[in-house]
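A.B. asks: Coordinates in coords02.cif, mmCIF, C-alpha atoms and all ligand atoms, are listed below.
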data_start
loop_
_atom_site.label_atom_id
_atom_site.label_comp_id
_atom_site.auth_asym_id
_atom_site.auth_seq_id
_atom_site.Cartn_x
_atom_site.Cartn_y
_atom_site.Cartn_z
CA VAL A 9 -12.54 -6.93 -5.96
CA ALA A 10 -14.10 -3.56 -5.09
CA PHE A 11 -17.76 -3.12 -6.14
CA SER A 12 -18.15 -6.75 -7.28
CA PRO A 13 -21.32 -8.49 -6.00
CA GLN A 14 -19.08 -10.42 -3.55
CA ASP A 15 -17.58 -7.17 -2.25
CA VAL A 16 -21.03 -5.64 -1.72
CA GLU A 17 -22.22 -8.81 0.05
CA ALA A 18 -19.10 -8.91 2.26
CA ARG A 19 -19.67 -5.31 3.34
CA ARG A 20 -23.32 -6.04 4.25
CA TRP A 21 -22.13 -9.15 6.15
CA LEU A 22 -19.62 -7.05 8.08
CA CYS A 23 -22.34 -4.53 9.06
CA GLU A 24 -24.33 -7.41 10.60
CA ARG A 25 -21.33 -8.72 12.55
CA LEU A 26 -20.53 -5.22 13.86
CA SER A 27 -24.16 -4.73 14.93
CA GLU A 28 -24.04 -8.07 16.78
CA VAL A 29 -21.19 -6.83 18.98
CA GLY A 30 -23.16 -3.67 19.80
CA LEU A 31 -21.65 -1.12 17.41
CA GLU A 32 -23.79 1.20 15.29
CA ALA A 33 -22.85 -0.01 11.82
CA GLY A 34 -23.47 1.22 8.31
CA THR A 35 -21.95 2.00 4.92
CA ASP A 36 -21.34 5.34 3.23
CA CYS A 37 -21.88 6.16 -0.46
CA TYR A 38 -18.50 4.56 -1.40
CA GLY A 39 -19.09 1.35 0.54
CA ASN A 40 -16.79 2.17 3.47
CA VAL A 41 -18.14 0.21 6.44
CA LEU A 42 -17.96 1.91 9.85
CA GLY A 43 -18.98 0.47 13.20
CA THR A 44 -19.26 3.15 15.88
CA TRP A 45 -19.10 2.41 19.62
CA PRO A 46 -22.25 4.05 21.05
CA GLY A 47 -22.32 6.52 23.93
CA VAL A 48 -18.67 7.65 23.89
CA GLN A 49 -16.97 10.86 22.78
CA ARG A 50 -13.64 9.21 21.98
CA ALA A 51 -12.62 5.93 20.35
CA ALA A 52 -9.65 4.07 18.87
CA LEU A 53 -10.27 3.32 15.19
CA ILE A 54 -9.23 -0.16 14.03
CA GLY A 55 -9.44 -1.61 10.54
CA SER A 56 -8.14 -2.09 7.02
CA HIS A 57 -9.86 -3.02 3.75
CA THR A 58 -11.99 -5.99 2.64
CA ASP A 59 -11.54 -5.56 -1.12
CA THR A 60 -8.77 -7.50 -2.83
CA VAL A 61 -7.07 -8.01 -6.22
CA PRO A 62 -8.29 -10.49 -8.89
CA ARG A 63 -7.35 -14.01 -7.72
CA GLY A 64 -6.13 -12.46 -4.47
CA GLY A 65 -5.76 -14.36 -1.21
CA TRP A 66 -8.01 -14.36 1.84
CA LEU A 67 -5.93 -12.25 4.26
CA ASP A 68 -4.71 -9.11 2.46
CA GLY A 69 -6.94 -6.47 3.99
CA ALA A 70 -9.65 -8.66 5.51
CA LEU A 71 -7.34 -9.73 8.36
CA GLY A 72 -7.05 -6.20 9.75
CA VAL A 73 -10.81 -5.68 9.61
CA ILE A 74 -11.53 -8.95 11.43
CA TYR A 75 -8.91 -8.05 14.08
CA GLY A 76 -10.88 -4.80 14.56
CA LEU A 77 -14.15 -6.72 14.88
CA GLU A 78 -12.57 -9.10 17.40
CA ALA A 79 -10.99 -6.24 19.40
CA ALA A 80 -14.36 -4.47 19.61
CA ARG A 81 -16.11 -7.74 20.57
CA VAL A 82 -13.81 -8.76 23.42
CA ILE A 83 -13.36 -5.24 24.79
CA ARG A 84 -17.15 -4.70 24.80
CA GLU A 85 -17.69 -8.03 26.56
CA ASP A 86 -15.05 -7.08 29.10
CA ARG A 87 -15.99 -3.43 29.70
CA PRO A 88 -19.14 -2.26 27.85
CA ASP A 89 -19.15 0.90 30.03
CA ARG A 90 -15.72 2.18 28.87
CA SER A 91 -15.39 5.93 28.39
CA ILE A 92 -13.21 5.41 25.30
CA GLY A 93 -14.59 2.93 22.75
CA VAL A 94 -13.43 1.02 19.68
CA ASP A 95 -14.69 1.99 16.22
CA VAL A 96 -14.11 -0.47 13.35
CA ILE A 97 -13.69 0.41 9.68
CA SER A 98 -13.35 -1.37 6.34
CA PHE A 99 -12.15 1.01 3.63
CA GLN A 100 -13.26 0.67 0.01
CA ASP A 101 -11.00 -0.06 -2.98
CA GLU A 102 -7.61 0.07 -1.25
CA GLU A 103 -6.28 -2.06 -4.10
CA GLY A 104 -7.20 0.50 -6.74
CA THR A 105 -9.51 -1.55 -8.97
CA TYR A 106 -10.90 1.91 -9.78
CA LEU A 107 -9.03 4.38 -7.54
CA PRO A 108 -6.28 3.34 -5.08
CA CYS A 109 -7.26 4.01 -1.44
CA LEU A 110 -10.59 5.51 -2.56
CA GLY A 111 -12.20 4.83 0.83
CA SER A 112 -9.41 6.11 3.07
CA LYS A 113 -8.79 9.14 0.85
CA SER A 114 -12.46 10.08 1.07
CA PHE A 115 -12.40 9.41 4.84
CA CYS A 116 -9.51 11.86 5.25
CA GLY A 117 -10.95 14.44 2.84
CA LEU A 118 -8.10 13.93 0.37
CA LEU A 119 -10.01 13.18 -2.86
CA GLN A 120 -9.11 15.77 -5.49
CA SER A 121 -11.86 17.36 -7.55
CA GLY A 122 -12.43 15.33 -10.72
CA GLU A 123 -10.69 12.25 -9.31
CA ILE A 124 -13.93 10.23 -9.00
CA GLU A 125 -15.07 11.25 -12.50
CA ALA A 126 -11.73 10.29 -14.08
CA ALA A 127 -11.29 6.91 -12.32
CA ARG A 128 -11.76 3.75 -14.43
CA SER A 129 -11.07 0.04 -14.05
CA VAL A 130 -8.60 -1.66 -16.43
CA SER A 131 -11.60 -2.89 -18.41
CA GLY A 132 -12.63 0.76 -18.85
CA GLU A 133 -15.64 0.86 -16.57
CA PRO A 134 -15.99 4.32 -14.98
CA LEU A 135 -16.00 4.40 -11.19
CA SER A 136 -19.29 6.34 -11.33
CA ASP A 137 -20.92 3.32 -13.05
CA ALA A 138 -19.54 0.96 -10.40
CA LEU A 139 -20.86 3.23 -7.66
CA GLY A 140 -24.31 3.22 -9.28
CA ARG A 141 -24.23 -0.57 -9.70
CA ALA A 142 -23.24 -1.23 -6.08
CA GLY A 143 -25.96 1.11 -4.80
CA PHE A 144 -24.26 2.24 -1.57
CA LYS A 145 -25.99 5.25 0.01
CA GLY A 146 -25.20 7.79 2.69
CA GLU A 147 -22.92 10.76 3.35
CA PRO A 148 -19.19 9.95 3.20
CA PHE A 149 -17.78 8.93 6.59
CA ARG A 150 -15.12 11.34 7.81
CA ALA A 151 -12.15 11.07 10.14
CA ARG A 152 -12.94 12.81 13.41
CA PRO A 153 -9.78 13.98 15.16
CA ASP A 154 -11.96 15.06 18.12
CA ARG A 155 -13.17 11.45 18.46
CA HIS A 156 -10.47 9.17 17.04
CA ILE A 157 -7.47 8.91 19.35
CA ALA A 158 -5.54 6.79 16.80
CA PHE A 159 -5.91 4.44 13.84
CA LEU A 160 -4.47 0.93 14.15
CA GLU A 161 -4.13 -1.38 11.16
CA ALA A 162 -2.98 -5.01 11.15
CA HIS A 163 -1.93 -6.64 7.88
CA ILE A 164 -0.01 -9.61 6.57
CA GLU A 165 3.58 -8.62 5.76
CA GLN A 166 3.41 -9.51 2.01
CA GLY A 167 7.15 -10.11 2.15
CA PRO A 168 9.55 -12.65 3.68
CA ARG A 169 11.28 -10.78 6.52
CA LEU A 170 9.12 -11.96 9.44
CA ILE A 171 8.77 -15.57 8.28
CA SER A 172 12.49 -15.91 7.53
CA SER A 173 13.57 -14.40 10.86
CA GLY A 174 10.99 -16.39 12.83
CA THR A 175 9.43 -13.19 14.25
CA ARG A 176 5.68 -13.22 14.75
CA VAL A 177 5.03 -9.47 14.87
CA GLY A 178 6.41 -6.57 12.85
CA VAL A 179 5.88 -2.95 13.88
CA VAL A 180 5.83 -0.63 10.89
CA THR A 181 7.79 2.57 11.51
CA SER A 182 7.59 4.00 7.98
CA PHE A 183 6.14 3.57 4.51
CA VAL A 184 8.50 3.84 1.59
CA GLY A 185 8.33 6.71 -0.84
CA ILE A 186 8.06 5.81 -4.52
CA ARG A 187 9.73 7.46 -7.53
CA ARG A 188 8.68 6.26 -10.96
CA MET A 189 9.94 7.47 -14.32
CA THR A 190 9.71 6.69 -18.00
CA VAL A 191 12.94 6.87 -20.01
CA SER A 192 12.63 7.13 -23.81
CA ALA A 193 15.35 7.03 -26.46
CA ARG A 194 15.08 7.97 -30.15
CA GLY A 195 17.47 6.62 -32.79
CA ARG A 196 17.12 5.50 -36.40
CA ALA A 197 15.86 2.25 -37.92
CA ASP A 198 18.30 0.52 -40.28
CA HIS A 199 18.91 -2.93 -41.78
CA ALA A 200 20.56 -4.98 -39.01
CA GLY A 201 22.58 -7.01 -41.57
CA THR A 202 23.96 -4.33 -43.87
CA THR A 203 24.48 -1.25 -41.65
CA PRO A 204 28.02 -1.19 -40.15
CA MET A 205 28.07 -1.06 -36.35
CA THR A 206 29.83 2.33 -36.40
CA MET A 207 27.05 3.89 -38.46
CA ARG A 208 24.10 2.74 -36.40
CA ARG A 209 21.96 4.96 -34.20
CA ASP A 210 20.53 2.17 -32.06
CA ALA A 211 17.98 3.61 -29.59
CA ALA A 212 17.93 0.50 -27.40
CA ALA A 213 21.71 0.29 -26.84
CA PRO A 214 22.00 3.16 -24.31
CA LEU A 215 18.93 1.94 -22.43
CA PHE A 216 20.42 -1.53 -22.03
CA ARG A 217 23.58 0.14 -20.69
CA PHE A 218 21.38 2.27 -18.42
CA ALA A 219 19.60 -0.82 -17.06
CA ALA A 220 22.94 -2.44 -16.22
CA TRP A 221 24.14 0.80 -14.57
CA VAL A 222 20.95 0.99 -12.44
CA SER A 223 21.53 -2.41 -10.85
CA GLU A 224 25.17 -1.54 -10.05
CA HIS A 225 24.65 2.04 -8.92
CA PHE A 226 21.55 1.45 -6.78
CA ALA A 227 23.23 -1.51 -5.06
CA ALA A 228 26.24 0.70 -4.25
CA ALA A 229 24.56 4.05 -3.50
CA GLY A 230 21.18 2.88 -2.15
CA GLY A 231 20.45 2.03 1.47
CA PRO A 232 19.97 -1.47 2.93
CA ASP A 233 16.21 -1.32 2.24
CA THR A 234 16.29 0.42 -1.16
CA VAL A 235 14.48 -1.56 -3.87
CA TRP A 236 14.31 -0.82 -7.59
CA ASN A 237 12.64 -2.32 -10.62
CA ILE A 238 12.70 -1.93 -14.37
CA GLY A 239 9.29 -3.43 -14.98
CA LYS A 240 8.69 -2.42 -18.59
CA PHE A 241 11.03 -2.34 -21.57
CA ALA A 242 9.84 -1.85 -25.14
CA VAL A 243 11.82 -1.67 -28.38
CA GLU A 244 10.51 -0.29 -31.68
CA PRO A 245 9.81 -1.43 -34.30
CA GLY A 246 10.60 -4.70 -32.53
CA ALA A 247 12.06 -6.99 -35.22
CA ALA A 248 15.15 -9.21 -35.15
CA ASN A 249 16.57 -7.69 -38.35
CA VAL A 250 15.85 -4.01 -37.67
CA VAL A 251 18.09 -1.68 -35.63
CA PRO A 252 15.77 -0.19 -32.96
CA SER A 253 14.51 3.31 -33.81
CA GLY A 254 12.95 3.77 -30.38
CA ALA A 255 13.18 2.29 -26.91
CA GLN A 256 11.39 2.97 -23.67
CA LEU A 257 11.63 1.67 -20.12
CA THR A 258 10.06 2.39 -16.76
CA LEU A 259 12.20 2.66 -13.66
CA GLU A 260 10.71 2.59 -10.19
CA PHE A 261 12.59 2.81 -6.90
CA ARG A 262 11.50 2.92 -3.27
CA ASP A 263 13.00 3.92 0.06
CA SER A 264 11.77 5.61 3.21
CA ASP A 265 14.56 8.26 3.16
CA PRO A 266 13.49 11.24 0.99
CA ASP A 267 17.07 12.61 0.73
CA LEU A 268 18.33 9.28 -0.54
CA LEU A 269 15.51 9.19 -3.12
CA ASP A 270 16.57 12.69 -4.25
CA ARG A 271 20.23 11.66 -4.58
CA LEU A 272 19.36 8.51 -6.56
CA GLU A 273 17.06 10.46 -8.87
CA ALA A 274 19.72 13.14 -9.50
CA ALA A 275 22.27 10.42 -10.31
CA VAL A 276 19.82 8.86 -12.80
CA TYR A 277 19.40 12.15 -14.70
CA GLU A 278 23.15 12.80 -14.71
CA HIS A 279 23.91 9.32 -16.01
CA LEU A 280 21.28 9.60 -18.75
CA GLN A 281 22.82 12.88 -19.95
CA GLN A 282 26.21 11.23 -20.06
CA LEU A 283 24.83 8.28 -22.06
CA ALA A 284 23.12 10.64 -24.52
CA ARG A 285 26.44 12.51 -25.07
CA GLU A 286 28.44 9.30 -25.52
CA THR A 287 26.01 7.62 -27.92
CA ASP A 288 24.54 10.63 -29.76
CA ILE A 289 21.07 9.22 -29.12
CA SER A 290 18.44 11.59 -27.76
CA ILE A 291 17.21 10.40 -24.37
CA GLU A 292 14.37 11.85 -22.35
CA ALA A 293 13.31 11.02 -18.83
CA GLN A 294 9.97 11.92 -17.35
CA ALA A 295 8.92 11.47 -13.72
CA THR A 296 5.49 9.80 -13.65
CA ALA A 297 4.96 9.30 -9.90
CA ARG A 298 6.48 10.79 -6.76
CA ILE A 299 4.84 9.41 -3.64
CA PRO A 300 6.56 10.79 -0.53
CA PRO A 301 7.56 8.46 2.31
CA ALA A 302 5.38 8.52 5.43
CA ARG A 303 5.91 7.59 9.06
CA THR A 304 3.64 6.03 11.65
CA THR A 305 3.33 7.68 15.10
CA GLU A 306 6.08 6.68 17.53
CA THR A 307 3.83 6.60 20.61
CA VAL A 308 1.34 4.26 18.88
CA SER A 309 4.14 2.04 17.52
CA ASP A 310 5.53 1.82 21.07
CA VAL A 311 2.14 0.61 22.34
CA ILE A 312 2.11 -2.20 19.72
CA ALA A 313 5.72 -3.14 20.51
CA VAL A 314 5.01 -3.31 24.27
CA ALA A 315 1.91 -5.46 23.61
CA ALA A 316 4.05 -7.83 21.49
CA ARG A 317 6.68 -8.06 24.26
CA ASP A 318 3.96 -8.72 26.87
CA ASN A 319 3.03 -11.74 24.76
CA GLY A 320 6.67 -12.92 24.63
CA CYS A 321 7.63 -11.65 21.16
CA GLU A 322 10.40 -9.13 20.47
CA PRO A 323 8.92 -7.39 17.42
CA LEU A 324 10.81 -6.47 14.28
CA LEU A 325 10.74 -2.74 13.55
CA MET A 326 10.37 -2.42 9.80
CA GLN A 327 9.49 -0.22 6.86
CA SER A 328 6.57 -1.14 4.64
CA GLY A 329 7.47 -1.51 0.98
CA ALA A 330 3.79 -1.44 0.04
CA GLY A 331 1.25 1.33 0.46
CA HIS A 332 -1.61 0.88 2.93
CA ASP A 333 -4.69 2.81 4.12
CA CYS A 334 -2.67 3.57 7.27
CA MET A 335 -0.39 5.81 5.17
CA ILE A 336 -3.41 7.96 4.22
CA LEU A 337 -4.86 7.98 7.75
CA GLY A 338 -1.57 9.43 9.04
CA LYS A 339 -2.61 12.77 7.55
CA SER A 340 -5.62 12.92 9.92
CA MET A 341 -4.68 11.20 13.18
CA PRO A 342 -1.92 9.28 15.03
CA THR A 343 -1.38 5.87 13.40
CA GLY A 344 0.17 2.51 14.15
CA MET A 345 0.55 -0.56 11.96
CA MET A 346 1.52 -4.15 12.71
CA PHE A 347 2.44 -7.01 10.38
CA ILE A 348 2.13 -10.75 10.89
CA PRO A 349 4.12 -13.29 8.82
CA SER A 350 3.14 -14.36 5.29
CA ILE A 351 4.08 -17.97 4.45
CA GLY A 352 6.79 -17.76 1.78
CA GLY A 353 6.29 -13.99 1.71
CA ARG A 354 3.43 -14.59 -0.73
CA SER A 355 0.51 -12.23 -1.32
CA HIS A 356 -1.73 -10.84 -4.04
CA ASP A 357 -2.26 -14.45 -5.06
CA ILE A 358 -4.67 -17.20 -4.05
CA ASP A 359 -1.69 -19.04 -2.46
CA GLU A 360 -1.29 -16.28 0.15
CA ASP A 361 -1.57 -17.77 3.65
CA THR A 362 -0.49 -17.42 7.28
CA ASP A 363 -0.14 -20.10 9.97
CA GLU A 364 -3.35 -20.08 12.00
CA ARG A 365 -1.32 -19.84 15.23
CA ASP A 366 0.30 -16.64 13.93
CA ILE A 367 -3.12 -15.23 13.01
CA VAL A 368 -4.42 -15.87 16.53
CA PHE A 369 -1.21 -14.60 18.17
CA GLY A 370 -1.30 -11.39 16.12
CA CYS A 371 -4.90 -10.80 17.13
CA GLN A 372 -4.00 -11.22 20.80
CA VAL A 373 -1.24 -8.61 20.38
CA MET A 374 -3.61 -6.25 18.56
CA VAL A 375 -6.31 -6.56 21.26
CA ASN A 376 -3.72 -5.96 24.00
CA ALA A 377 -2.36 -2.94 22.07
CA VAL A 378 -5.87 -1.49 21.77
CA GLU A 379 -6.49 -2.08 25.50
CA ARG A 380 -3.23 -0.23 26.29
CA LEU A 381 -4.17 2.60 23.96
CA LEU A 382 -7.55 3.01 25.67
CA MET A 383 -5.76 3.33 29.02
CA THR A 384 -3.35 6.07 27.92
ZN ZN B 401 -3.88 -4.71 1.77
#
Could you write out this structure as structure tokens?
C.D. replies:
Amino acid sequence: VAFSPQDVEARRWLCERLSEVGLEAGTDCYGNVLGTWPGVQRAALIGSHTDTVPRGGWLDGALGVIYGLEAARVIREDRPDRSIGVDVISFQDEEGTYLPCLGSKSFCGLLQSGEIEAARSVSGEPLSDALGRAGFKGEPFRARPDRHIAFLEAHIEQGPRLISSGTRVGVVTSFVGIRRMTVSARGRADHAGTTPMTMRRDAAAPLFRFAAWVSEHFAAAGGPDTVWNIGKFAVEPGAANVVPSGAQLTLEFRDSDPDLLDRLEAAVYEHLQQLARETDISIEAQATARIPPARTTETVSDVIAVAARDNGCEPLLMQSGAGHDCMILGKSMPTGMMFIPSIGGRSHDIDEDTDERDIVFGCQVMVNAVERLLMT
């Protein structure tokens, strides 16, 4: 995890490997690792993140960094005199142990004032303490649109679509937008044995009805890739013999179409009003996160798709249901992202794995895509 002794050691290790292939490598004050191809004005930027989640697997993040290292190594061996080079980056804390996408946000100049000071781990450690502990030094690295022709990120899919369709490469065309809201209901606690059903003001009842409506309505009105989740549901006071006086749930839904997200959100508010009228329970909904969808750059995606076809694979064009550093980088430069299969669609767990042949194949496609990009 970000800023652990292992993370710090891995970042130092990566600097050594990047230096070995002839890049000028170092870390910035956050622990971002950047390897810069010397003697060129322009370069493709390749990478991902080397931090992970607790008990995470070995590929989420690290794969895309090692593909960058390998691309720089073979392209330097082949043509050390190129006029356009390959820079390699490992961003810090993509997983948000302290602050999601800390490294890429800083790289793109998107950190808000006070964000560093406010960030804490789940155990309550301030990010500023972690930064002091890790001891990284140096000015923050910055995206350089004058230098970086594009950012390319490879990643395991973290879902089952590639593995189940037998496709070895996915080309990400978009990142889903996320809407998250908390819905709270207020009723009245009563004895659950003696209060007649008609006299109860059960706060949980309309939220159970709401949860059932969500699964029906989103299936009918959502798109083929819309996903939704009620991941938290709490009832107060929480006893078998007490009619609930309060209830609260969180609803999250994701899609890459912003208009569809708007329509679904409007339908949620309308349905909640209707439930409140029908049940005489006061219901409040509050939006807690609105992350807009993002797209990768078509010309860069085309280069990855052509490289996959050159290697005999018709790639799957897909949306990413998870956020990635690439989504942030899109605000600063053209971007492209490729996925390789995850066995069983597993990730964020120690069981996460990919067939070694798929890892090697994906790297071949990435290197060929970078070579094509350097020619354009
Ligand atoms: Zn990742």
A.B. asks: Go through A:Ile171, A:Ala295, A:Met189, A:Ala377 and flag the residue nearest A:Ala315, using all atoms listed in the file for the distances.
C.D. replies: A:Ala377
A.B. asks: What's the 9 Å shell around stretch 346-358 of chain A, counting only C-alpha atoms, without same-chain residues fewer than 2 positions away, as a PyMOL selection string?
C.D. replies: chain A and resi 60-68+160-172+174-180+309+312-313+344+360-363+366-367+369-370+374
A.B. asks: May I ask which of the residues A:Gly30, A:Gly143, A:Pro342, A:Gly69 is the closest one to ligand ZN 401 (chain B), counting only C-alpha atoms and all ligand atoms?
C.D. replies: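 Comparing A:Gly30, A:Gly143, A:Pro342, A:Gly69 against ligand ZN 401 (chain B), the winner is A:Gly69.
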A.B. asks: Restricting the calculation to all atoms listed in the file: of A:Val184, A:Val48, A:Ala297, A:Ala248, which residue gets closest to A:Gln327?
C.D. replies: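 That would be A:Val184, the residue with the smallest distance to A:Gln327.
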A.B. asks: Report as number ranges by chain all protein, DNA and RNA residues lying within 10 Å of stretch 82-89 of chain A, evaluated on all atoms listed in the file, omitting residues in the same chain fewer than 3 positions from it.
C.D. replies: A: 29-31, 45-48, 77-79, 92-94, 375-376, 378-379
A.B. asks: Any idea what the distance is between atom CA of A:Val243 and atom CA of A:Gln294?
C.D. replies: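 The value is 17.6 Å.
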A.B. asks: Counting all atoms listed in the file, what is within 12 Å of A:His279, bar same-chain residues fewer than 4 positions away, as a PDB file with C-alpha atoms, in the coordinates of the input?
C.D. replies:
ATOM      1  CA  VAL A 191      12.940   6.870 -20.010  1.00  0.00           C
ATOM      2  CA  PRO A 214      22.000   3.160 -24.310  1.00  0.00           C
ATOM      3  CA  LEU A 215      18.930   1.940 -22.430  1.00  0.00           C
ATOM      4  CA  ARG A 217      23.580   0.140 -20.690  1.00  0.00           C
ATOM      5  CA  PHE A 218      21.380   2.270 -18.420  1.00  0.00           C
ATOM      6  CA  ALA A 219      19.600  -0.820 -17.060  1.00  0.00           C
ATOM      7  CA  ALA A 220      22.940  -2.440 -16.220  1.00  0.00           C
ATOM      8  CA  TRP A 221      24.140   0.800 -14.570  1.00  0.00           C
ATOM      9  CA  VAL A 222      20.950   0.990 -12.440  1.00  0.00           C
ATOM     10  CA  HIS A 225      24.650   2.040  -8.920  1.00  0.00           C
ATOM     11  CA  LEU A 272      19.360   8.510  -6.560  1.00  0.00           C
ATOM     12  CA  GLU A 273      17.060  10.460  -8.870  1.00  0.00           C
ATOM     13  CA  ALA A 274      19.720  13.140  -9.500  1.00  0.00           C
ATOM     14  CA  ALA A 275      22.270  10.420 -10.310  1.00  0.00           C
ATOM     15  CA  LEU A 283      24.830   8.280 -22.060  1.00  0.00           C
ATOM     16  CA  ALA A 284      23.120  10.640 -24.520  1.00  0.00           C
ATOM     17  CA  ARG A 285      26.440  12.510 -25.070  1.00  0.00           C
ATOM     18  CA  GLU A 286      28.440   9.300 -25.520  1.00  0.00           C
ATOM     19  CA  ILE A 291      17.210  10.400 -24.370  1.00  0.00           C
ATOM     20  CA  GLU A 292      14.370  11.850 -22.350  1.00  0.00           C
ATOM     21  CA  ALA A 293      13.310  11.020 -18.830  1.00  0.00           C
TER      22      ALA A 293
END
A.B. asks: To one decimal place in Å, what is the distance between atom CA of A:Tyr277 and atom CA of A:Ala228?
C.D. replies: 16.9 Å
